[in-house]
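Asks: Contents of data30.cif (mmCIF, C-alpha atoms) are below:
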data_input
#
loop_
_atom_site.group_PDB
_atom_site.id
_atom_site.type_symbol
_atom_site.label_atom_id
_atom_site.label_comp_id
_atom_site.auth_asym_id
_atom_site.auth_seq_id
_atom_site.Cartn_x
_atom_site.Cartn_y
_atom_site.Cartn_z
ATOM 1 C CA MET L 106 191.858 121.412 126.802
ATOM 2 C CA LEU L 107 192.652 118.604 124.333
ATOM 3 C CA LEU L 108 195.690 117.662 126.396
ATOM 4 C CA LEU L 109 193.586 117.584 129.571
ATOM 5 C CA ILE L 110 191.090 115.210 127.923
ATOM 6 C CA GLN L 111 193.944 113.031 126.674
ATOM 7 C CA TYR L 112 195.547 112.677 130.112
ATOM 8 C CA THR L 113 192.169 112.239 131.809
ATOM 9 C CA LEU L 114 191.319 109.308 129.547
ATOM 10 C CA ILE L 115 194.684 107.560 129.924
ATOM 11 C CA PHE L 116 194.804 107.924 133.720
ATOM 12 C CA SER L 117 191.160 106.891 133.928
ATOM 13 C CA SER L 118 192.033 103.809 131.875
ATOM 14 C CA VAL L 119 194.661 102.834 134.443
ATOM 15 C CA LEU L 120 192.215 103.285 137.309
ATOM 16 C CA ILE L 121 189.446 101.402 135.510
ATOM 17 C CA LEU L 122 191.608 98.347 134.820
ATOM 18 C CA VAL L 123 193.059 98.140 138.330
ATOM 19 C CA ALA L 124 189.784 98.970 140.108
ATOM 20 C CA LEU L 125 187.962 96.299 138.095
ATOM 21 C CA GLY L 126 190.648 93.866 139.210
ATOM 22 C CA GLY L 127 190.025 94.750 142.836
ATOM 23 C CA CYS L 128 186.270 94.514 142.233
ATOM 24 C CA ILE L 129 186.506 90.965 140.836
ATOM 25 C CA SER L 130 188.740 89.816 143.697
ATOM 26 C CA GLU L 131 186.514 91.287 146.399
ATOM 27 C CA HIS L 132 183.368 89.878 144.814
ATOM 28 C CA SER L 133 184.992 86.464 145.217
ATOM 29 C CA GLY L 134 185.688 87.204 148.894
ATOM 30 C CA VAL L 135 189.402 88.114 148.806
ATOM 31 C CA ILE L 136 190.573 91.670 149.507
ATOM 32 C CA ASN L 137 193.411 92.458 147.111
ATOM 33 C CA LEU L 138 195.413 95.203 148.779
ATOM 34 C CA GLY L 139 198.428 94.085 146.759
ATOM 35 C CA LEU L 140 197.281 95.836 143.579
ATOM 36 C CA GLU L 141 200.115 98.365 143.839
ATOM 37 C CA GLY L 142 202.729 95.604 143.779
ATOM 38 C CA ILE L 143 200.877 93.722 141.038
ATOM 39 C CA MET L 144 200.887 96.875 138.907
ATOM 40 C CA VAL L 145 204.656 97.198 139.275
ATOM 41 C CA ILE L 146 205.279 93.565 138.340
ATOM 42 C CA GLY L 147 202.868 93.777 135.399
ATOM 43 C CA ALA L 148 204.633 96.941 134.227
ATOM 44 C CA LEU L 149 207.945 95.093 134.513
ATOM 45 C CA GLY L 150 206.717 92.269 132.295
ATOM 46 C CA GLY L 151 205.390 94.648 129.661
ATOM 47 C CA ALA L 152 208.497 96.866 129.743
ATOM 48 C CA LEU L 153 210.815 93.886 129.300
ATOM 49 C CA MET L 154 208.784 92.743 126.305
ATOM 50 C CA MET L 155 208.992 96.225 124.775
ATOM 51 C CA ARG L 156 212.726 96.311 125.369
ATOM 52 C CA TYR L 157 213.620 92.946 123.908
ATOM 53 C CA CYS L 158 210.943 92.313 121.284
ATOM 54 C CA GLN L 159 212.232 93.484 117.908
ATOM 55 C CA THR L 160 209.059 93.115 115.844
ATOM 56 C CA GLU L 161 208.065 95.961 113.541
ATOM 57 C CA SER L 162 204.394 94.978 113.633
ATOM 58 C CA ALA L 163 202.424 97.335 115.871
ATOM 59 C CA PHE L 164 199.631 94.786 116.308
ATOM 60 C CA LEU L 165 202.047 92.044 117.357
ATOM 61 C CA MET L 166 203.915 94.368 119.721
ATOM 62 C CA VAL L 167 200.708 95.492 121.436
ATOM 63 C CA LEU L 168 199.496 91.900 121.725
ATOM 64 C CA LEU L 169 202.781 90.586 123.148
ATOM 65 C CA VAL L 170 203.101 93.417 125.663
ATOM 66 C CA ILE L 171 199.525 92.870 126.853
ATOM 67 C CA LEU L 172 200.167 89.148 127.233
ATOM 68 C CA ALA L 173 203.452 89.720 129.102
ATOM 69 C CA ALA L 174 201.933 92.250 131.521
ATOM 70 C CA THR L 175 198.933 89.997 132.089
ATOM 71 C CA LEU L 176 201.088 86.921 132.690
ATOM 72 C CA PHE L 177 203.384 88.688 135.157
ATOM 73 C CA GLY L 178 200.353 90.083 137.008
ATOM 74 C CA VAL L 179 198.707 86.659 137.204
ATOM 75 C CA ILE L 180 201.873 84.953 138.455
ATOM 76 C CA TYR L 181 202.455 87.587 141.128
ATOM 77 C CA SER L 182 198.818 87.545 142.263
ATOM 78 C CA ALA L 183 199.152 83.777 142.755
ATOM 79 C CA LEU L 184 201.198 84.588 145.867
ATOM 80 C CA LEU L 185 198.132 86.320 147.296
ATOM 81 C CA GLY L 186 195.928 83.386 146.341
ATOM 82 C CA ALA L 187 198.194 80.786 147.893
ATOM 83 C CA ALA L 188 198.663 82.729 151.126
ATOM 84 C CA CYS L 189 195.076 83.878 151.640
ATOM 85 C CA ILE L 190 193.019 81.047 150.124
ATOM 86 C CA ASN L 191 195.080 77.953 150.803
ATOM 87 C CA PHE L 192 196.864 79.012 153.994
ATOM 88 C CA LYS L 193 194.146 81.412 155.237
ATOM 89 C CA ALA L 194 196.626 84.181 156.011
ATOM 90 C CA ASP L 195 195.514 87.689 156.909
ATOM 91 C CA GLN L 196 194.618 89.326 153.595
ATOM 92 C CA THR L 197 195.569 92.838 154.680
ATOM 93 C CA LEU L 198 199.060 91.816 155.777
ATOM 94 C CA VAL L 199 199.698 89.723 152.669
ATOM 95 C CA GLY L 200 198.548 92.531 150.377
ATOM 96 C CA THR L 201 200.808 95.031 152.166
ATOM 97 C CA ALA L 202 203.752 92.642 151.866
ATOM 98 C CA LEU L 203 203.114 92.201 148.133
ATOM 99 C CA ASN L 204 203.179 95.973 147.646
ATOM 100 C CA LEU L 205 206.522 96.306 149.409
ATOM 101 C CA LEU L 206 208.000 93.275 147.671
ATOM 102 C CA GLY L 207 206.799 94.242 144.181
ATOM 103 C CA THR L 208 208.687 97.519 143.896
ATOM 104 C CA ALA L 209 211.791 96.151 145.628
ATOM 105 C CA ALA L 210 211.916 92.988 143.511
ATOM 106 C CA ALA L 211 211.382 94.881 140.245
ATOM 107 C CA THR L 212 214.106 97.387 141.143
ATOM 108 C CA VAL L 213 216.653 94.682 142.000
ATOM 109 C CA PHE L 214 215.761 92.663 138.881
ATOM 110 C CA VAL L 215 216.101 95.626 136.495
ATOM 111 C CA LYS L 216 219.367 96.746 138.094
ATOM 112 C CA ALA L 217 220.741 93.218 137.672
ATOM 113 C CA ILE L 218 219.743 93.186 133.984
ATOM 114 C CA ASN L 219 221.273 96.609 133.323
ATOM 115 C CA THR L 220 224.483 95.742 135.153
ATOM 116 C CA ALA L 221 224.832 92.477 133.229
ATOM 117 C CA ALA L 222 224.527 94.395 129.946
ATOM 118 C CA ASN L 223 226.778 97.238 131.091
ATOM 119 C CA PRO L 224 228.868 96.902 134.299
ATOM 120 C CA ASP L 225 228.773 100.686 134.751
ATOM 121 C CA ASP L 226 224.973 100.876 134.590
ATOM 122 C CA HIS L 227 223.362 100.384 138.006
ATOM 123 C CA SER L 228 220.101 102.138 137.209
ATOM 124 C CA SER L 229 216.610 100.693 137.610
ATOM 125 C CA GLU L 230 215.427 102.148 134.293
ATOM 126 C CA ILE L 231 214.025 100.464 131.220
ATOM 127 C CA GLU L 232 213.768 102.422 127.981
ATOM 128 C CA TYR L 233 211.077 101.624 125.409
ATOM 129 C CA ILE L 234 210.864 104.670 123.145
ATOM 130 C CA ARG L 235 210.464 102.771 119.869
ATOM 131 C CA ALA L 236 207.867 100.340 121.204
ATOM 132 C CA ARG L 237 205.808 103.046 122.933
ATOM 133 C CA LYS L 238 205.119 104.714 119.596
ATOM 134 C CA MET L 239 203.262 101.581 118.504
ATOM 135 C CA PHE L 240 200.678 102.122 121.258
ATOM 136 C CA ILE L 241 199.877 105.668 120.162
ATOM 137 C CA LEU L 242 197.738 106.948 117.303
ATOM 138 C CA ASN L 243 197.934 110.690 116.673
ATOM 139 C CA ILE L 244 194.482 111.910 115.649
ATOM 140 C CA LYS L 245 194.570 115.650 114.868
ATOM 141 C CA GLY L 246 196.808 116.401 117.850
ATOM 142 C CA PHE L 247 195.094 113.925 120.170
ATOM 143 C CA GLU L 248 197.226 110.948 121.205
ATOM 144 C CA PHE L 249 194.942 107.931 121.286
ATOM 145 C CA ASN L 250 196.398 105.123 123.396
ATOM 146 C CA TRP L 251 195.137 101.601 122.715
ATOM 147 C CA PHE L 252 194.669 101.070 126.456
ATOM 148 C CA MET L 253 191.798 103.561 126.350
ATOM 149 C CA LEU L 254 189.899 101.113 124.168
ATOM 150 C CA ILE L 255 191.046 98.139 126.258
ATOM 151 C CA ALA L 256 189.690 99.800 129.422
ATOM 152 C CA LEU L 257 186.306 100.412 127.770
ATOM 153 C CA ILE L 258 186.142 96.792 126.611
ATOM 154 C CA ALA L 259 187.120 95.622 130.106
ATOM 155 C CA VAL L 260 184.195 97.529 131.681
ATOM 156 C CA ILE L 261 181.716 95.900 129.308
ATOM 157 C CA VAL L 262 183.221 92.416 129.635
ATOM 158 C CA ILE L 263 183.381 92.504 133.449
ATOM 159 C CA ALA L 264 179.803 93.849 133.693
ATOM 160 C CA VAL L 265 178.526 91.034 131.479
ATOM 161 C CA LEU L 266 180.702 88.492 133.280
ATOM 162 C CA LEU L 267 179.429 89.421 136.737
ATOM 163 C CA TYR L 268 175.730 89.883 136.040
ATOM 164 C CA LYS L 269 174.932 87.825 132.961
ATOM 165 C CA THR L 270 176.956 84.623 133.303
ATOM 166 C CA LYS L 271 176.780 81.618 135.580
ATOM 167 C CA PHE L 272 180.449 82.070 136.453
ATOM 168 C CA GLY L 273 179.909 85.664 137.608
ATOM 169 C CA LEU L 274 176.872 84.864 139.716
ATOM 170 C CA ARG L 275 178.741 82.003 141.367
ATOM 171 C CA LEU L 276 181.730 84.261 141.981
ATOM 172 C CA MET L 277 179.572 86.867 143.720
ATOM 173 C CA ALA L 278 177.835 84.165 145.741
ATOM 174 C CA CYS L 279 181.233 83.140 147.123
ATOM 175 C CA GLY L 280 181.844 86.721 148.249
ATOM 176 C CA GLU L 281 178.429 87.070 149.873
ATOM 177 C CA HIS L 282 177.533 83.673 151.342
ATOM 178 C CA PRO L 283 180.332 81.151 150.718
ATOM 179 C CA GLN L 284 178.771 78.468 152.946
ATOM 180 C CA ALA L 285 175.500 78.698 151.041
ATOM 181 C CA ALA L 286 177.387 78.564 147.735
ATOM 182 C CA ASP L 287 179.281 75.485 148.902
ATOM 183 C CA SER L 288 176.045 73.795 149.946
ATOM 184 C CA VAL L 289 174.803 73.852 146.336
ATOM 185 C CA GLY L 290 178.020 72.400 144.929
ATOM 186 C CA ILE L 291 180.053 75.530 144.104
ATOM 187 C CA ASN L 292 183.762 75.117 144.804
ATOM 188 C CA VAL L 293 184.480 78.255 146.822
ATOM 189 C CA TYR L 294 188.246 77.788 146.723
ATOM 190 C CA LYS L 295 188.319 77.559 142.928
ATOM 191 C CA MET L 296 186.067 80.575 142.510
ATOM 192 C CA ARG L 297 188.214 82.650 144.840
ATOM 193 C CA TRP L 298 191.332 81.554 142.983
ATOM 194 C CA ALA L 299 189.673 82.632 139.735
ATOM 195 C CA GLY L 300 188.820 86.030 141.223
ATOM 196 C CA VAL L 301 192.366 86.616 142.458
ATOM 197 C CA LEU L 302 194.003 85.583 139.168
ATOM 198 C CA ILE L 303 191.649 87.732 137.073
ATOM 199 C CA SER L 304 192.423 90.573 139.459
ATOM 200 C CA GLY L 305 196.137 89.986 138.862
ATOM 201 C CA ALA L 306 195.666 90.047 135.089
ATOM 202 C CA LEU L 307 193.809 93.379 135.197
ATOM 203 C CA GLY L 308 196.272 94.822 137.702
ATOM 204 C CA GLY L 309 199.186 93.870 135.454
ATOM 205 C CA LEU L 310 197.477 95.565 132.495
ATOM 206 C CA GLY L 311 196.922 98.662 134.620
ATOM 207 C CA GLY L 312 200.612 98.725 135.499
ATOM 208 C CA ILE L 313 201.876 98.738 131.922
ATOM 209 C CA CYS L 314 199.188 101.261 130.989
ATOM 210 C CA TYR L 315 200.448 103.551 133.772
ATOM 211 C CA ILE L 316 204.094 103.614 132.723
ATOM 212 C CA LEU L 317 203.072 104.184 129.090
ATOM 213 C CA ALA L 318 200.924 107.178 130.055
ATOM 214 C CA GLY L 319 203.418 109.892 129.231
ATOM 215 C CA VAL L 320 207.024 108.723 129.247
ATOM 216 C CA SER L 321 209.304 106.478 127.185
ATOM 217 C CA ILE L 322 211.506 105.318 130.046
ATOM 218 C CA TRP L 323 210.564 104.112 133.508
ATOM 219 C CA LYS L 324 212.539 104.017 136.746
ATOM 220 C CA PHE L 325 211.110 101.081 138.651
ATOM 221 C CA GLU L 326 212.171 102.216 142.104
ATOM 222 C CA ASN L 327 209.520 104.950 141.715
ATOM 223 C CA GLY L 328 206.765 102.323 141.717
ATOM 224 C CA VAL L 329 203.373 103.518 140.456
ATOM 225 C CA ALA L 330 202.858 106.519 142.740
ATOM 226 C CA GLY L 331 200.036 105.064 144.813
ATOM 227 C CA PHE L 332 197.757 104.327 141.865
ATOM 228 C CA GLY L 333 196.955 100.897 143.284
ATOM 229 C CA PHE L 334 195.492 102.482 146.400
ATOM 230 C CA LEU L 335 193.769 105.171 144.366
ATOM 231 C CA ALA L 336 192.147 102.404 142.327
ATOM 232 C CA LEU L 337 190.814 100.879 145.552
ATOM 233 C CA ALA L 338 189.234 104.248 146.385
ATOM 234 C CA VAL L 339 187.678 104.300 142.905
ATOM 235 C CA MET L 340 186.339 100.776 143.475
ATOM 236 C CA ILE L 341 184.743 101.720 146.799
ATOM 237 C CA PHE L 342 183.308 104.974 145.427
ATOM 238 C CA GLY L 343 181.960 102.958 142.498
ATOM 239 C CA GLN L 344 180.220 100.564 144.906
ATOM 240 C CA TRP L 345 181.907 97.486 143.393
ATOM 241 C CA LYS L 346 179.885 97.961 140.176
ATOM 242 C CA PRO L 347 181.741 98.194 136.818
ATOM 243 C CA GLY L 348 179.657 101.049 135.387
ATOM 244 C CA ARG L 349 180.000 103.209 138.470
ATOM 245 C CA ILE L 350 183.689 102.345 138.725
ATOM 246 C CA ALA L 351 184.200 103.709 135.203
ATOM 247 C CA LEU L 352 182.480 106.993 136.107
ATOM 248 C CA ALA L 353 184.432 107.300 139.360
ATOM 249 C CA ALA L 354 187.673 106.633 137.457
ATOM 250 C CA LEU L 355 186.897 109.507 135.092
ATOM 251 C CA LEU L 356 186.462 111.850 138.061
ATOM 252 C CA PHE L 357 189.691 110.790 139.753
ATOM 253 C CA GLY L 358 191.510 110.689 136.410
ATOM 254 C CA LEU L 359 190.512 114.308 135.763
ATOM 255 C CA PHE L 360 192.122 115.502 138.986
ATOM 256 C CA ARG L 361 195.244 113.463 138.245
ATOM 257 C CA ALA L 362 195.410 114.919 134.740
ATOM 258 C CA LEU L 363 195.286 118.457 136.123
ATOM 259 C CA SER L 364 198.699 117.882 137.742
ATOM 260 C CA ASN L 365 200.141 117.388 134.239
ATOM 261 C CA THR L 366 198.292 120.196 132.469
ATOM 262 C CA TYR L 367 197.528 122.943 135.013
ATOM 263 C CA VAL L 368 200.127 125.262 133.430
ATOM 264 C CA GLY L 369 197.922 125.392 130.343
ATOM 265 C CA PHE L 370 195.051 126.930 132.323
ATOM 266 C CA PRO L 371 195.749 130.605 133.187
ATOM 267 C CA ALA L 372 193.278 130.591 136.092
ATOM 268 C CA LEU L 373 195.116 127.688 137.752
ATOM 269 C CA ALA L 374 198.619 128.809 136.820
ATOM 270 C CA SER L 375 197.948 132.292 138.262
ATOM 271 C CA LEU L 376 197.489 130.765 141.712
ATOM 272 C CA ASN L 377 201.259 130.102 141.762
ATOM 273 C CA LEU L 378 200.780 126.890 143.712
ATOM 274 C CA PRO L 379 203.646 124.361 143.740
ATOM 275 C CA GLY L 380 203.237 121.497 141.261
ATOM 276 C CA ASN L 381 203.167 119.015 144.144
ATOM 277 C CA VAL L 382 199.860 120.494 145.306
ATOM 278 C CA TYR L 383 198.249 119.441 142.035
ATOM 279 C CA ASN L 384 199.916 116.014 142.292
ATOM 280 C CA MET L 385 198.249 115.610 145.687
ATOM 281 C CA MET L 386 194.787 116.532 144.425
ATOM 282 C CA PRO L 387 193.490 113.059 143.426
ATOM 283 C CA TYR L 388 194.510 111.629 146.785
ATOM 284 C CA ILE L 389 192.966 114.514 148.724
ATOM 285 C CA VAL L 390 189.786 114.139 146.685
ATOM 286 C CA SER L 391 189.741 110.389 147.390
ATOM 287 C CA LEU L 392 189.915 111.039 151.158
ATOM 288 C CA ILE L 393 187.105 113.596 150.984
ATOM 289 C CA VAL L 394 184.900 111.414 148.788
ATOM 290 C CA LEU L 395 185.384 108.321 150.933
ATOM 291 C CA ALA L 396 184.735 110.298 154.108
ATOM 292 C CA PHE L 397 181.308 111.353 152.825
ATOM 293 C CA THR L 398 180.323 108.140 151.027
ATOM 294 C CA SER L 399 181.736 105.356 153.216
ATOM 295 C CA LYS L 400 178.525 105.038 155.227
ATOM 296 C CA GLN L 401 176.609 104.131 152.065
ATOM 297 C CA SER L 402 179.235 101.624 150.908
ATOM 298 C CA ARG L 403 178.115 98.025 150.768
ATOM 299 C CA ALA L 404 181.040 95.695 150.314
ATOM 300 C CA PRO L 405 180.591 91.944 149.702
ATOM 301 C CA LYS L 406 179.672 90.458 153.097
ATOM 302 C CA ALA L 407 182.312 87.741 153.178
ATOM 303 C CA GLU L 408 185.250 89.738 151.813
ATOM 304 C CA GLY L 409 188.380 89.407 153.888
ATOM 305 C CA ILE L 410 187.103 86.350 155.732
ATOM 306 C CA PRO L 411 189.076 83.152 155.006
ATOM 307 C CA TYR L 412 186.714 80.390 153.966
ATOM 308 C CA ASP L 413 186.630 77.310 156.164
ATOM 309 C CA LYS L 414 184.734 74.467 154.599
ATOM 310 C CA GLY L 415 184.064 72.928 158.005
ATOM 311 C CA SER L 416 182.348 76.020 159.455
ATOM 312 C CA ARG L 417 178.665 76.787 159.000
#
Will you turn the file into structure tokens for me?
Replies:
Amino acid sequence: MLLLIQYTLIFSSVLILVALGGCISEHSGVINLGLEGIMVIGALGGALMMRYCQTESAFLMVLLVILAATLFGVIYSALLGAACINFKADQTLVGTALNLLGTAAATVFVKAINTAANPDDHSSEIEYIRARKMFILNIKGFEFNWFMLIALIAVIVIAVLLYKTKFGLRLMACGEHPQAADSVGINVYKMRWAGVLISGALGGLGGICYILAGVSIWKFENGVAGFGFLALAVMIFGQWKPGRIALAALLFGLFRALSNTYVGFPALASLNLPGNVYNMMPYIVSLIVLAFTSKQSRAPKAEGIPYDKGSR
């Protein structure tokens, strides 16, 4: 049971961070379907920092890895911002392209690094065993990961940012009525850029959190197993509200955790179902949940619609 709680919290942390990123972007009016690719690139940045940073300070290692993952996520999300905000490209197509490019680019980059270090090594793996230990605190058999705390802080910060600050209210205005926001002097383009870049930062954090969940080596051609899309389902089920997103993430994280721990539950193990069935559970649940709740969903009115300053 302790292991189930541990995995539920770490997978929920991933979903919370990435779903909050999608929430911020969509509140600004830009649909970020590229979260999957942003997660991969953010994970790449964090993994490279863990591989090459030789510090023995756990605090410094955690800080540097967070900064690296955030920076890589922000830089990669800038492609979405430039294409969809400045050039008014189709947001769905750009997001899909970013997902495909992210995994491919990370795989090629890691293979190039490994081959340069060892001509016989053509793998897409990065090992970070020593650094991973710095992210874990063992508390009476429970492995506490610092990203659990970071996810909780992110929920509080984003909730305050959206509903209690001038910036957040202006951001949401740009996702609901951008023309009205522009008429009172709000720069819609800047606010949407801010939403996309914050989304990239949170997506990058979610990526490094995902690869640290249970392993000490990551093969980048595997991507992040659809967690970017699962986070979008969490965001929709959570009605674009940070508190509800956190609760939805716990539900989806529980089903994902079962795929790692079902052998420890005799009732589940006795069913003799293949492990892949349990791996499919969070995605099946997301389809069922969205099928029954989509009619009540209320997305920001102007999301996905390129803003044209000349239109009214």
Asks: For a test of reading the model, state the distance in Å between atom CA of L:Arg297 and atom CA of L:Ala187, rounded to one decimal.
Replies: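 Atom CA of L:Arg297 sits 10.6 Å away from atom CA of L:Ala187.
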Asks: Considering only C-alpha atoms, return as a PDB file with C-alpha atoms, in the frame of the given file whatever protein or nucleic-acid residues lie within 7 Å of stretch 127-129 of chain L, sequence-local ones (same chain, fewer than 5 positions apart) excluded.
Replies:
ATOM      1  CA  ASN L 137     193.411  92.458 147.111  1.00  0.00           C
ATOM      2  CA  GLY L 300     188.820  86.030 141.223  1.00  0.00           C
ATOM      3  CA  SER L 304     192.423  90.573 139.459  1.00  0.00           C
ATOM      4  CA  LEU L 337     190.814 100.879 145.552  1.00  0.00           C
ATOM      5  CA  MET L 340     186.339 100.776 143.475  1.00  0.00           C
ATOM      6  CA  TRP L 345     181.907  97.486 143.393  1.00  0.00           C
TER       7      TRP L 345
END
Asks: Go through L:Phe247, L:Leu184, L:Tyr233, L:Val167 one by one, measure the shortest atom-to-atom distance of each to L:Lys324 using only C-alpha atoms, and give the residue with the smallest value.
Replies: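 Nearest to L:Lys324: L:Tyr233.
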Asks: From the options L:Ile263, L:Ala202, L:Val329, L:Ala256, which residue's atoms come nearest to L:Gly312, counting only C-alpha atoms?
Replies: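 Smallest distance to L:Gly312 is found for L:Val329.
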Asks: Which residue is closest to L:Ala336? Choose from L:Gly273, L:Gly358, L:Gly409, L:Pro283 and count all atoms listed in the file.
Replies: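 The closest residue to L:Ala336 is L:Gly358.
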Asks: List the residues sitting within 6 Å of (181.1, 88.5, 149.7) in the file's frame, using only C-alpha atoms, as a PyMOL selection string.
Replies: chain L and resi 132+134+279-281+405-408
Asks: Could you please determine the separation between atom CA of L:Asn223 and atom CA of L:Gly151 in Å, to one decimal place?
Replies: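 Pair atom CA of L:Asn223 / atom CA of L:Gly151 returns 21.6 Å.
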Asks: Please provide as a VMD selection string all residues within 12 Å of L:Leu125, with the sequence filter that same-chain residues fewer than 3 positions apart are discarded (counting only C-alpha atoms).
Replies: chain L and resid 117 to 122 128 to 132 137 140 256 to 264 266 to 267 300 to 301 303 to 311 333 336 to 341 343 to 351 353 to 354
Asks: Where does the PyMOL selection byres ((chain L and resi 206) around 12) land in this file, that is, which residues does it pick, as a PyMOL selection string?
Replies: chain L and resi 139-146+181+184+199-205+207-214+326+328
Asks: Restrict the selected residues to C-alpha atoms and save them as a CSV table (one decimal), in the coordinates of the input.
Replies:
chain,number,residue,atom,x,y,z
L,139,GLY,CA,198.4,94.1,146.8
L,140,LEU,CA,197.3,95.8,143.6
L,141,GLU,CA,200.1,98.4,143.8
L,142,GLY,CA,202.7,95.6,143.8
L,143,ILE,CA,200.9,93.7,141.0
L,144,MET,CA,200.9,96.9,138.9
L,145,VAL,CA,204.7,97.2,139.3
L,146,ILE,CA,205.3,93.6,138.3
L,181,TYR,CA,202.5,87.6,141.1
L,184,LEU,CA,201.2,84.6,145.9
L,199,VAL,CA,199.7,89.7,152.7
L,200,GLY,CA,198.5,92.5,150.4
L,201,THR,CA,200.8,95.0,152.2
L,202,ALA,CA,203.8,92.6,151.9
L,203,LEU,CA,203.1,92.2,148.1
L,204,ASN,CA,203.2,96.0,147.6
L,205,LEU,CA,206.5,96.3,149.4
L,207,GLY,CA,206.8,94.2,144.2
L,208,THR,CA,208.7,97.5,143.9
L,209,ALA,CA,211.8,96.2,145.6
L,210,ALA,CA,211.9,93.0,143.5
L,211,ALA,CA,211.4,94.9,140.2
L,212,THR,CA,214.1,97.4,141.1
L,213,VAL,CA,216.7,94.7,142.0
L,214,PHE,CA,215.8,92.7,138.9
L,326,GLU,CA,212.2,102.2,142.1
L,328,GLY,CA,206.8,102.3,141.7
Asks: Smallest atom-to-atom distance to L:Met155: which of L:Phe192, L:Tyr412, L:Phe116, L:Phe240, using all atoms listed in the file?
Replies: L:Phe240
